[in-house]
Every structure is written in structure tokens, then in C-alpha cells.
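Listing of structure-v2.cif; format and content: mmCIF, C-alpha atoms; chains and numbers go by the auth columns.
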data_model
loop_
_atom_site.group_PDB
_atom_site.id
_atom_site.type_symbol
_atom_site.label_atom_id
_atom_site.label_comp_id
_atom_site.label_asym_id
_atom_site.label_seq_id
_atom_site.Cartn_x
_atom_site.Cartn_y
_atom_site.Cartn_z
_atom_site.B_iso_or_equiv
_atom_site.auth_seq_id
_atom_site.auth_asym_id
ATOM 1 C CA VAL A 1 101.667 73.544 26.080 0.00 2 A
ATOM 2 C CA GLU A 2 100.934 70.846 28.662 0.00 3 A
ATOM 3 C CA GLU A 3 104.641 70.118 29.077 0.00 4 A
ATOM 4 C CA ALA A 4 105.399 73.811 29.604 0.00 5 A
ATOM 5 C CA THR A 5 102.586 74.040 32.146 0.00 6 A
ATOM 6 C CA ALA A 6 103.858 70.972 34.017 0.00 7 A
ATOM 7 C CA ALA A 7 107.404 72.361 34.014 0.00 8 A
ATOM 8 C CA ALA A 8 106.222 75.754 35.308 0.00 9 A
ATOM 9 C CA LYS A 9 104.217 74.036 38.065 0.00 10 A
ATOM 10 C CA GLN A 10 107.208 71.907 39.065 0.00 11 A
ATOM 11 C CA THR A 11 109.470 74.977 39.185 0.00 12 A
ATOM 12 C CA ALA A 12 106.944 76.880 41.318 0.00 13 A
ATOM 13 C CA GLU A 13 106.498 73.938 43.720 0.00 14 A
ATOM 14 C CA ALA A 14 110.270 73.590 44.093 0.00 15 A
ATOM 15 C CA GLY A 15 110.435 77.248 45.145 0.00 16 A
ATOM 16 C CA VAL A 16 108.036 76.744 48.047 0.00 17 A
ATOM 17 C CA ASP A 17 109.980 76.486 51.306 0.00 18 A
ATOM 18 C CA SER A 18 107.523 74.311 53.146 0.00 19 A
ATOM 19 C CA PRO A 19 104.569 72.652 51.448 0.00 20 A
ATOM 20 C CA PHE A 20 101.294 73.559 53.090 0.00 21 A
ATOM 21 C CA THR A 21 98.019 71.713 53.277 0.00 22 A
ATOM 22 C CA LEU A 22 94.657 72.937 54.499 0.00 23 A
ATOM 23 C CA ASP A 23 93.459 69.474 55.505 0.00 24 A
ATOM 24 C CA GLY A 24 91.776 69.719 58.899 0.00 25 A
ATOM 25 C CA VAL A 25 92.478 73.446 59.381 0.00 26 A
ATOM 26 C CA ARG A 26 88.830 74.395 59.909 0.00 27 A
ATOM 27 C CA GLU A 27 88.346 71.635 62.448 0.00 28 A
ATOM 28 C CA SER A 28 91.559 72.588 64.259 0.00 29 A
ATOM 29 C CA LEU A 29 90.459 76.204 64.559 0.00 30 A
ATOM 30 C CA LYS A 30 87.081 75.132 65.942 0.00 31 A
ATOM 31 C CA ALA A 31 88.629 72.711 68.419 0.00 32 A
ATOM 32 C CA GLY A 32 91.313 75.181 69.489 0.00 33 A
ATOM 33 C CA PHE A 33 89.093 78.224 69.946 0.00 34 A
ATOM 34 C CA GLU A 34 89.917 78.533 73.667 0.00 35 A
ATOM 35 C CA SER A 35 93.513 77.329 73.329 0.00 36 A
ATOM 36 C CA PRO A 36 96.174 79.303 75.236 0.00 37 A
ATOM 37 C CA ALA A 37 98.295 78.982 72.085 0.00 38 A
ATOM 38 C CA TRP A 38 96.423 81.979 70.627 0.00 39 A
ATOM 39 C CA HIS A 39 97.938 84.218 73.283 0.00 40 A
ATOM 40 C CA GLU A 40 101.441 82.958 72.530 0.00 41 A
ATOM 41 C CA LEU A 41 100.964 83.267 68.763 0.00 42 A
ATOM 42 C CA ALA A 42 99.652 86.824 69.103 0.00 43 A
ATOM 43 C CA MET A 43 102.627 87.981 71.188 0.00 44 A
ATOM 44 C CA ARG A 44 104.703 88.776 68.099 0.00 45 A
ATOM 45 C CA CYS A 45 101.874 90.727 66.442 0.00 46 A
ATOM 46 C CA ILE A 46 101.967 94.503 66.982 0.00 47 A
ATOM 47 C CA SER A 47 98.382 95.067 65.732 0.00 48 A
ATOM 48 C CA CYS A 48 99.532 97.318 62.901 0.00 49 A
ATOM 49 C CA GLY A 49 97.041 95.838 60.450 0.00 50 A
ATOM 50 C CA THR A 50 99.529 95.666 57.578 0.00 51 A
ATOM 51 C CA CYS A 51 98.430 92.116 56.784 0.00 52 A
ATOM 52 C CA THR A 52 94.840 93.272 56.367 0.00 53 A
ATOM 53 C CA TYR A 53 95.752 96.259 54.216 0.00 54 A
ATOM 54 C CA VAL A 54 97.746 94.160 51.716 0.00 55 A
ATOM 55 C CA CYS A 55 95.291 91.257 51.704 0.00 56 A
ATOM 56 C CA PRO A 56 93.187 91.054 48.533 0.00 57 A
ATOM 57 C CA SER A 57 90.318 89.404 50.426 0.00 58 A
ATOM 58 C CA CYS A 58 90.040 91.587 53.561 0.00 59 A
ATOM 59 C CA TYR A 59 86.963 93.756 53.380 0.00 60 A
ATOM 60 C CA CYS A 60 86.019 94.809 56.929 0.00 61 A
ATOM 61 C CA PHE A 61 84.657 98.303 57.389 0.00 62 A
ATOM 62 C CA ASN A 62 83.159 100.549 60.025 0.00 63 A
ATOM 63 C CA VAL A 63 80.318 103.026 59.752 0.00 64 A
ATOM 64 C CA ASN A 64 80.969 106.500 61.140 0.00 65 A
ATOM 65 C CA ASP A 65 78.814 109.564 61.644 0.00 66 A
ATOM 66 C CA GLU A 66 80.376 112.990 61.300 0.00 67 A
ATOM 67 C CA ILE A 67 79.188 116.577 61.063 0.00 68 A
ATOM 68 C CA VAL A 68 80.289 118.087 57.758 0.00 69 A
ATOM 69 C CA GLU A 69 79.418 121.753 57.187 0.00 70 A
ATOM 70 C CA GLY A 70 76.659 121.634 59.794 0.00 71 A
ATOM 71 C CA THR A 71 75.043 118.470 58.416 0.00 72 A
ATOM 72 C CA GLY A 72 75.340 114.949 59.723 0.00 73 A
ATOM 73 C CA GLU A 73 76.818 112.465 57.291 0.00 74 A
ATOM 74 C CA ARG A 74 77.228 108.732 57.596 0.00 75 A
ATOM 75 C CA PHE A 75 80.081 107.040 55.765 0.00 76 A
ATOM 76 C CA ARG A 76 81.836 103.705 55.515 0.00 77 A
ATOM 77 C CA CYS A 77 85.542 103.530 56.129 0.00 78 A
ATOM 78 C CA TRP A 78 87.966 100.660 55.942 0.00 79 A
ATOM 79 C CA ASP A 79 88.634 98.926 59.251 0.00 80 A
ATOM 80 C CA ASN A 80 90.724 95.940 60.203 0.00 81 A
ATOM 81 C CA CYS A 81 90.359 93.205 62.771 0.00 82 A
ATOM 82 C CA PHE A 82 93.596 94.195 64.536 0.00 83 A
ATOM 83 C CA ASN A 83 92.324 97.665 65.375 0.00 84 A
ATOM 84 C CA PRO A 84 91.733 97.746 69.173 0.00 85 A
ATOM 85 C CA MET A 85 88.374 99.464 68.569 0.00 86 A
ATOM 86 C CA TYR A 86 87.255 96.801 66.052 0.00 87 A
ATOM 87 C CA THR A 87 83.856 95.432 67.175 0.00 88 A
ATOM 88 C CA LEU A 88 83.616 98.062 69.938 0.00 89 A
ATOM 89 C CA GLU A 89 79.921 98.488 70.703 0.00 90 A
ATOM 90 C CA THR A 90 78.190 101.748 71.590 0.00 91 A
ATOM 91 C CA SER A 91 77.680 100.433 75.128 0.00 92 A
ATOM 92 C CA GLY A 92 81.462 100.303 75.542 0.00 93 A
ATOM 93 C CA HIS A 93 81.582 96.504 75.449 0.00 94 A
ATOM 94 C CA ASN A 94 84.106 94.974 73.076 0.00 95 A
ATOM 95 C CA PRO A 95 83.769 91.213 72.490 0.00 96 A
ATOM 96 C CA ARG A 96 87.309 91.173 71.084 0.00 97 A
ATOM 97 C CA GLU A 97 89.006 93.495 73.524 0.00 98 A
ATOM 98 C CA SER A 98 92.229 91.488 73.828 0.00 99 A
ATOM 99 C CA LYS A 99 94.815 91.316 71.071 0.00 100 A
ATOM 100 C CA HIS A 100 94.797 87.533 71.009 0.00 101 A
ATOM 101 C CA ALA A 101 91.008 87.505 70.475 0.00 102 A
ATOM 102 C CA ARG A 102 91.386 89.815 67.473 0.00 103 A
ATOM 103 C CA PHE A 103 94.314 87.743 66.207 0.00 104 A
ATOM 104 C CA ARG A 104 92.254 84.555 66.546 0.00 105 A
ATOM 105 C CA ASN A 105 89.353 86.247 64.742 0.00 106 A
ATOM 106 C CA ARG A 106 91.463 86.993 61.664 0.00 107 A
ATOM 107 C CA PHE A 107 92.455 83.372 61.176 0.00 108 A
ATOM 108 C CA SER A 108 89.074 81.978 62.170 0.00 109 A
ATOM 109 C CA HIS A 109 87.301 84.312 59.749 0.00 110 A
ATOM 110 C CA LYS A 110 89.493 83.345 56.809 0.00 111 A
ATOM 111 C CA PHE A 111 89.594 79.600 57.422 0.00 112 A
ATOM 112 C CA TRP A 112 86.494 78.765 59.477 0.00 113 A
ATOM 113 C CA TYR A 113 83.610 81.274 59.698 0.00 114 A
ATOM 114 C CA TYR A 114 83.596 82.376 56.057 0.00 115 A
ATOM 115 C CA PRO A 115 84.164 78.865 54.656 0.00 116 A
ATOM 116 C CA ASP A 116 81.364 77.491 56.848 0.00 117 A
ATOM 117 C CA LYS A 117 78.985 80.113 55.505 0.00 118 A
ATOM 118 C CA TYR A 118 80.064 80.351 51.862 0.00 119 A
ATOM 119 C CA ASP A 119 82.020 77.123 51.253 0.00 120 A
ATOM 120 C CA SER A 120 85.021 79.124 50.088 0.00 121 A
ATOM 121 C CA LEU A 121 88.247 80.206 51.762 0.00 122 A
ATOM 122 C CA LEU A 122 88.885 83.867 52.442 0.00 123 A
ATOM 123 C CA CYS A 123 92.593 83.500 51.686 0.00 124 A
ATOM 124 C CA SER A 124 94.013 83.561 48.178 0.00 125 A
ATOM 125 C CA GLY A 125 97.372 82.143 49.266 0.00 126 A
ATOM 126 C CA CYS A 126 99.226 85.118 47.787 0.00 127 A
ATOM 127 C CA GLY A 127 101.607 85.453 50.756 0.00 128 A
ATOM 128 C CA ARG A 128 101.441 89.252 50.971 0.00 129 A
ATOM 129 C CA CYS A 129 100.593 89.111 54.679 0.00 130 A
ATOM 130 C CA ILE A 130 103.745 87.076 55.296 0.00 131 A
ATOM 131 C CA MET A 131 105.917 89.245 53.054 0.00 132 A
ATOM 132 C CA TYR A 132 104.903 92.601 54.544 0.00 133 A
ATOM 133 C CA CYS A 133 104.439 91.746 58.235 0.00 134 A
ATOM 134 C CA PRO A 134 107.020 93.808 60.142 0.00 135 A
ATOM 135 C CA THR A 135 107.289 91.124 62.847 0.00 136 A
ATOM 136 C CA HIS A 136 107.279 88.137 60.458 0.00 137 A
ATOM 137 C CA VAL A 137 104.023 86.511 61.556 0.00 138 A
ATOM 138 C CA ASP A 138 103.496 83.666 59.092 0.00 139 A
ATOM 139 C CA ILE A 139 99.900 82.607 58.462 0.00 140 A
ATOM 140 C CA ARG A 140 101.101 79.055 57.694 0.00 141 A
ATOM 141 C CA GLU A 141 102.965 78.852 61.004 0.00 142 A
ATOM 142 C CA VAL A 142 99.854 79.927 62.911 0.00 143 A
ATOM 143 C CA LEU A 143 97.670 77.338 61.192 0.00 144 A
ATOM 144 C CA ARG A 144 100.264 74.583 61.672 0.00 145 A
ATOM 145 C CA THR A 145 100.591 75.473 65.371 0.00 146 A
ATOM 146 C CA MET A 146 96.833 75.357 65.883 0.00 147 A
ATOM 147 C CA SER A 147 96.616 72.037 64.051 0.00 148 A
ATOM 148 C CA ALA A 148 99.406 70.627 66.227 0.00 149 A
ATOM 149 C CA GLU A 149 97.722 71.986 69.379 0.00 150 A
ATOM 150 C CA THR A 150 94.400 70.319 68.691 0.00 151 A
ATOM 151 C CA THR A 151 96.067 67.082 67.571 0.00 152 A
ATOM 152 C CA ALA A 152 98.056 67.004 70.833 0.00 153 A
ATOM 153 C CA GLU A 153 94.904 67.707 72.869 0.00 154 A
ATOM 154 C CA LYS A 154 93.222 64.695 71.269 0.00 155 A
ATOM 155 C CA GLY A 155 96.241 62.564 72.197 0.00 156 A
ATOM 156 C CA GLU A 156 97.138 61.910 68.592 0.00 157 A
ATOM 157 C CA ALA A 157 100.683 63.240 68.795 0.00 158 A
#

Is it possible to give me this structure as C-alpha cells?
Amino acid sequence: VEEATAAAKQTAEAGVDSPFTLDGVRESLKAGFESPAWHELAMRCISCGTCTYVCPSCYCFNVNDEIVEGTGERFRCWDNCFNPMYTLETSGHNPRESKHARFRNRFSHKFWYYPDKYDSLLCSGCGRCIMYCPTHVDIREVLRTMSAETTAEKGEA
């Protein structure tokens, strides 16, 4: 059984195009929070939210009030961080008004905010977001770019 497991693991690893490591990702996201690279990375994104809808760990929701048959009802509905009205406050202020801020939030939530709070990643590594993105945004590419950005800023390149 151990030999079969080792062989299956080796076959799976050989099928991975580019090995990926999470070493230093959280620190890179923190250090690169204001990086102009976020704007460039978000340019390809069309804010469709497909990545969030196929992600097994995305759980964001909104609370809405609606009149149903003359009675007010409050309900939760699924939301996603690429929705332009995501985090829109009643006052009209939106702390993530720009697309690149929402884009940055998705990656920061999965690899920085949530892990800081719960000591667990919010990404299963399934690759669905990569597979179904209509503009081919690759979560690994984004994280590698941000790691390279912060390394270059420190003068370690």
C-alpha cells in the first residue's frame, strides 16, 4: 500500500506544471499591500466572480431587506468580493470601491487575514478558480508576483 501511495504521489507531482510553495506568502501580501502591482494584476480580471462561485471555501454573503406580500423580510444571499457593491456601506462609502482593491482583498483574505485569525488557509488548492476563470487569472501567478514584488522592494532580488 505504501508503494502504491508513493507512486500515486510521484505521478501527481509530475503532472504539476510549476511547483508552488506558500513560504513567505503571508508576509509578501502584508508587505505589498500598497503595491502598484495589484492594479496591474487586476487588469485581466473582469469581476465576474466565477472564481468565488466555484471555490469550495468562499462563503461571503450580504444581508438584504425586501417587502414580500406586504411584510418586511430580511434574508442572506451569497455575495462575492468582486461584486462592485461588495462592502458598500449605507452611507454610500465603499472601502473597496476600485477593482484592484477587491482583487487584493480576495487574495489577502485567503492567504493573510483568515490565516492570521484562524491559523488555517482559506484555499484548498483545488485549482477550480484557475480552471474556470474566463480570463485565465492564475492564483499562483498572483502570489508569485506579489512575492517577487516585495522581495525586489527589500533589495533581495

On this file, the PyMOL selection byres ((chain A and resi 25) around 12) gives some set of residues; write that set as a PDB file with C-alpha atoms, keeping the file's coordinate frame.
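Okay, this is what ended up in part.pdb:
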ATOM      1  CA  PHE A  21     101.294  73.559  53.090  1.00  0.00           C
ATOM      2  CA  THR A  22      98.019  71.713  53.277  1.00  0.00           C
ATOM      3  CA  LEU A  23      94.657  72.937  54.499  1.00  0.00           C
ATOM      4  CA  ASP A  24      93.459  69.474  55.505  1.00  0.00           C
ATOM      5  CA  VAL A  26      92.478  73.446  59.381  1.00  0.00           C
ATOM      6  CA  ARG A  27      88.830  74.395  59.909  1.00  0.00           C
ATOM      7  CA  GLU A  28      88.346  71.635  62.448  1.00  0.00           C
ATOM      8  CA  SER A  29      91.559  72.588  64.259  1.00  0.00           C
ATOM      9  CA  LEU A  30      90.459  76.204  64.559  1.00  0.00           C
ATOM     10  CA  LYS A  31      87.081  75.132  65.942  1.00  0.00           C
ATOM     11  CA  ALA A  32      88.629  72.711  68.419  1.00  0.00           C
ATOM     12  CA  GLY A  33      91.313  75.181  69.489  1.00  0.00           C
ATOM     13  CA  PHE A 112      89.594  79.600  57.422  1.00  0.00           C
ATOM     14  CA  TRP A 113      86.494  78.765  59.477  1.00  0.00           C
ATOM     15  CA  LEU A 144      97.670  77.338  61.192  1.00  0.00           C
ATOM     16  CA  ARG A 145     100.264  74.583  61.672  1.00  0.00           C
ATOM     17  CA  MET A 147      96.833  75.357  65.883  1.00  0.00           C
ATOM     18  CA  SER A 148      96.616  72.037  64.051  1.00  0.00           C
ATOM     19  CA  ALA A 149      99.406  70.627  66.227  1.00  0.00           C
ATOM     20  CA  THR A 151      94.400  70.319  68.691  1.00  0.00           C
ATOM     21  CA  THR A 152      96.067  67.082  67.571  1.00  0.00           C
TER      22      THR A 152
END

>> Just to confirm, what's the straight-line distance from CA of Phe108 (chain A) to CA of Phe62 (chain A) in Å (one decimal)?
In response: 17.3 Å

>> Let me make sure I understand: among A:Pro37, A:Phe83, A:Glu14, A:Glu3, which one has the smallest atom-to-atom distance to Glu150 (chain A) if we use all atoms listed in the file?
In response: A:Pro37

> How many Å lie between CA of Glu67 (chain A) and CA of Ala102 (chain A), rounded to one decimal?
Replying inline: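 Rounded to one decimal, the two atoms are 29.1 Å apart.
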
>> Just to confirm, what's the straight-line distance from CA of Thr136 (chain A) to CA of Phe104 (chain A) in Å (one decimal)?
In response: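 Pair CA of Thr136 (chain A) / CA of Phe104 (chain A) returns 13.8 Å.
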
>> My list of candidates is A:Glu4, A:Glu74, A:Asp66, A:Glu142. Which is closest to Leu42 (chain A) when distances are computed with only C-alpha atoms?
In response: A:Glu142

> In terms of the shortest atom-to-atom distance over only C-alpha atoms, which of A:Ile131, A:Ala38, A:Ile68, A:Ala8 is closest to Thr53 (chain A)?
Replying inline: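 Going through A:Ile131, A:Ala38, A:Ile68, A:Ala8 one by one, the smallest distance to Thr53 (chain A) is for A:Ile131.
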
>> Give me, as a ChimeraX atom specification, all polymer residues having an atom no more than 12 Å from Cys46 (chain A), counting only C-alpha atoms and skipping those fewer than 3 positions away in the same chain.
In response: /A:39-43,49-52,83-84,100-101,103-105,130-131,134-140,143

Can those selected residues be exported to a file as a CSV table (one decimal), keeping the file's coordinate frame so that it contains C-alpha atoms?
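Writing the result to selection-v7.csv gives the following:
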chain,number,residue,atom,x,y,z
A,39,TRP,CA,96.4,82.0,70.6
A,40,HIS,CA,97.9,84.2,73.3
A,41,GLU,CA,101.4,83.0,72.5
A,42,LEU,CA,101.0,83.3,68.8
A,43,ALA,CA,99.7,86.8,69.1
A,49,CYS,CA,99.5,97.3,62.9
A,50,GLY,CA,97.0,95.8,60.4
A,51,THR,CA,99.5,95.7,57.6
A,52,CYS,CA,98.4,92.1,56.8
A,83,PHE,CA,93.6,94.2,64.5
A,84,ASN,CA,92.3,97.7,65.4
A,100,LYS,CA,94.8,91.3,71.1
A,101,HIS,CA,94.8,87.5,71.0
A,103,ARG,CA,91.4,89.8,67.5
A,104,PHE,CA,94.3,87.7,66.2
A,105,ARG,CA,92.3,84.6,66.5
A,130,CYS,CA,100.6,89.1,54.7
A,131,ILE,CA,103.7,87.1,55.3
A,134,CYS,CA,104.4,91.7,58.2
A,135,PRO,CA,107.0,93.8,60.1
A,136,THR,CA,107.3,91.1,62.8
A,137,HIS,CA,107.3,88.1,60.5
A,138,VAL,CA,104.0,86.5,61.6
A,139,ASP,CA,103.5,83.7,59.1
A,140,ILE,CA,99.9,82.6,58.5
A,143,VAL,CA,99.9,79.9,62.9

What's the 10 Å shell around Thr88 (chain A), counting all atoms listed in the file, without same-chain residues fewer than 6 positions away, as an mmCIF file with C-alpha atoms, in the coordinates of the input?
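And here is the file that came out, part.cif:
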data_model
loop_
_atom_site.group_PDB
_atom_site.id
_atom_site.type_symbol
_atom_site.label_atom_id
_atom_site.label_comp_id
_atom_site.auth_asym_id
_atom_site.auth_seq_id
_atom_site.Cartn_x
_atom_site.Cartn_y
_atom_site.Cartn_z
ATOM 1 C CA ASN A 63 83.159 100.549 60.025
ATOM 2 C CA ASP A 80 88.634 98.926 59.251
ATOM 3 C CA ASN A 81 90.724 95.940 60.203
ATOM 4 C CA CYS A 82 90.359 93.205 62.771
ATOM 5 C CA HIS A 94 81.582 96.504 75.449
ATOM 6 C CA ASN A 95 84.106 94.974 73.076
ATOM 7 C CA PRO A 96 83.769 91.213 72.490
ATOM 8 C CA ARG A 97 87.309 91.173 71.084
ATOM 9 C CA GLU A 98 89.006 93.495 73.524
ATOM 10 C CA ARG A 103 91.386 89.815 67.473
#

Around region 51-59 of chain A, with edges along x, y and z and 5 Å added on all six sides, what centre and edge lengths do you get, in Å to one decimal, as AutoDock Vina command-line options?
--center_x 94.8 --center_y 92.8 --center_z 53.1 --size_x 19.5 --size_y 16.9 --size_z 19.0

> In terms of the shortest atom-to-atom distance over all atoms listed in the file, which of A:Ser48, A:Leu123, A:Gly93, A:Gly16 is closest to Ser109 (chain A)?
Replying inline: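 Once distances to Ser109 (chain A) are computed over all atoms listed in the file, the minimum belongs to A:Leu123.
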
>> Just checking: using only C-alpha atoms, which residue out of A:Arg129, A:Lys118, A:Ala13, A:Glu35 ends up closest to Asn106 (chain A)?
In response: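 So, comparing all the options, the nearest one is A:Glu35.
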